[in-house]
Number of protein chains: 2
Amino acid sequence: MELLKQRILTEGSVRPGGVLKVDSFLNHQIDPILTDQIAAEFCHRFESARIDRVLTMEASGIPVAYAVARQLGIPMVVARKRHSVNLDGEIHAAEVASGGSVIVAKKFLQEGDHVLLVDDILANGFAMQTLISLADAAGATVEGIGIVIEKGFQEGGHRLRNLGFRLEALAIIDTMDETTGQITFHD
Amino acid sequence: MELLKQRILTEGSVRPGGVLKVDSFLNHQIDPILTDQIAAEFCHRFESARIDRVLTMEASGIPVAYAVARQLGIPMVVARKRHSVNLDGEIHAAEVASGGSVIVAKKFLQEGDHVLLVDDILANGFAMQTLISLADAAGATVEGIGIVIEKGFQEGGHRLRNLGFRLEALAIIDTMDETTGQITFHD
């Protein structure tokens, strides 16, 4: 998605430890116009898929996931990071490899559901694997994975594609240099 | 907002400890159609205010705040609950009375900004007071506070109105009975 890549190049910055900072439009300050365009691109790429639910994990994937759900006219479900008092009752739970666990109420993720998993950034894929575990636990079908920015030099994307998931990333970063700040994209 | 009250009555449930569970449409599963209607109501109620930025706290206020920002065509800023590696640099920080602290990058909340604070539920008002502290630290003007559901029997709303803030709550709950499940609204 060319518009997204331009925003990454003009506003993104590369920080030590392979961190890409895109907080001016994606995950701290959010640009709703770009977010709607991102959502439209996901809807286009997954238009042949039967999707009846968007699933994301709190917190930074929520705006994009919401925008996709809104355009598709279907519910969004947010996997919560901790066991809150408001989430009692029957739940699916899954560990996150990077620490902690997330839950989703069983009534909102069920056998027969066709879900699109959405997140802002894919690196090692820990968050996405947790969402897949939740979908598996529910007996739901993962129709696809929508990622705004994939760090192509980390293993998450390769692993998920090798597992057979249809993963659409709107910008795939091949290299980022924390010294020069240079970012190159796949393709 | 009648439509919202009907959803609370039909789908909400009252749990011990004054907890209102509205997770089927507001903060776990999210109904994007209702969320858009909620946002439109906030835009209508604050149409005379000059607002150039929507501020919320992660995570459950994000969908409504995003929908408002989208309809107004202005950025949304999400105050983050922890100091993440992606949020280095100059920040405003504020303690939350219920525990922890939140931050917002200085470049995204500045002197001269006119902000609308948005959250899903107002009870004691701790989260909202933290957002006000962030706005004060930045020198930004709080033009208003938009709350989806106010627990009118708790003190947050009274305190914020007494402080002179313009607070618009789309449903104000006067009483909720955890034994009978009965909910009554203000007005």
# chains A, B, ... in the order shown; residues from 1 in each chain; ligands from 1

call {"tool": "residues_around", "arguments": {"residues": "region 102-116 of chain A", "least_positions_apart": "6", "cutoff": "9 Å", "atoms": "only C-alpha atoms", "output": "ChimeraX atom specification"}}
result
/A:46,49-57,77-83,87-96,130-131,134-146 /B:24,28-29

call {"tool": "interface_residues", "arguments": {"of": "chain B", "to": "chain A", "cutoff": "7 Å", "atoms": "only C-alpha atoms", "output": "list in words"}}
result
Val19, Lys21, His28, Gln29, Ile30, Asp31, Pro32, Ile33, Glu58, Ala59, Ile62, Pro63, Tyr66, Ala69, Arg70, Gly73, Pro75, Met76, Val77, Val78, Asn86 and Phe108 of chain B

call {"tool": "residues_around", "arguments": {"residues": "region 151-166 of chain A", "least_positions_apart": "3", "cutoff": "7 Å", "atoms": "only C-alpha atoms", "output": "list in words"}}
result
Leu122, Ala123, Asn124, Gly125, Gly144, Ile145, Ile172, Ile173, Asp174 and Thr175 of chain A

call {"tool": "atom_distance", "arguments": {"atom1": "CA of Gly99 (chain B)", "atom2": "CA of Val118 (chain B)"}}
result
19.7 Å

call {"tool": "atom_distance", "arguments": {"atom1": "CA of Ser101 (chain A)", "atom2": "CA of Glu150 (chain A)"}}
result
22.7 Å

call {"tool": "residues_around", "arguments": {"residues": "Ala97 (chain A)", "least_positions_apart": "5", "cutoff": "9 Å", "atoms": "only C-alpha atoms", "output": "PyMOL selection string"}}
result
chain A and resi 126-127+129-130

call {"tool": "write_last_selection", "arguments": {"atoms": "N, CA and C atoms", "output": "PDB file, in the first residue's frame"}}
result
ATOM      1  N   PHE A 126       4.169 -13.337  18.081  1.00  0.00           N
ATOM      2  CA  PHE A 126       3.657 -13.894  19.336  1.00  0.00           C
ATOM      3  C   PHE A 126       2.184 -13.544  19.553  1.00  0.00           C
ATOM      4  N   ALA A 127       1.844 -12.284  19.334  1.00  0.00           N
ATOM      5  CA  ALA A 127       0.456 -11.870  19.549  1.00  0.00           C
ATOM      6  C   ALA A 127      -0.477 -12.614  18.591  1.00  0.00           C
ATOM      7  N   GLN A 129      -0.004 -15.519  17.129  1.00  0.00           N
ATOM      8  CA  GLN A 129      -0.138 -16.934  17.490  1.00  0.00           C
ATOM      9  C   GLN A 129      -1.088 -17.115  18.667  1.00  0.00           C
ATOM     10  N   THR A 130      -1.116 -16.133  19.536  1.00  0.00           N
ATOM     11  CA  THR A 130      -2.056 -16.201  20.662  1.00  0.00           C
ATOM     12  C   THR A 130      -3.494 -16.076  20.171  1.00  0.00           C
TER      13      THR A 130
END

call {"tool": "atom_distance", "arguments": {"atom1": "CA of Ile183 (chain A)", "atom2": "CA of Lys5 (chain A)"}}
result
9.7 Å
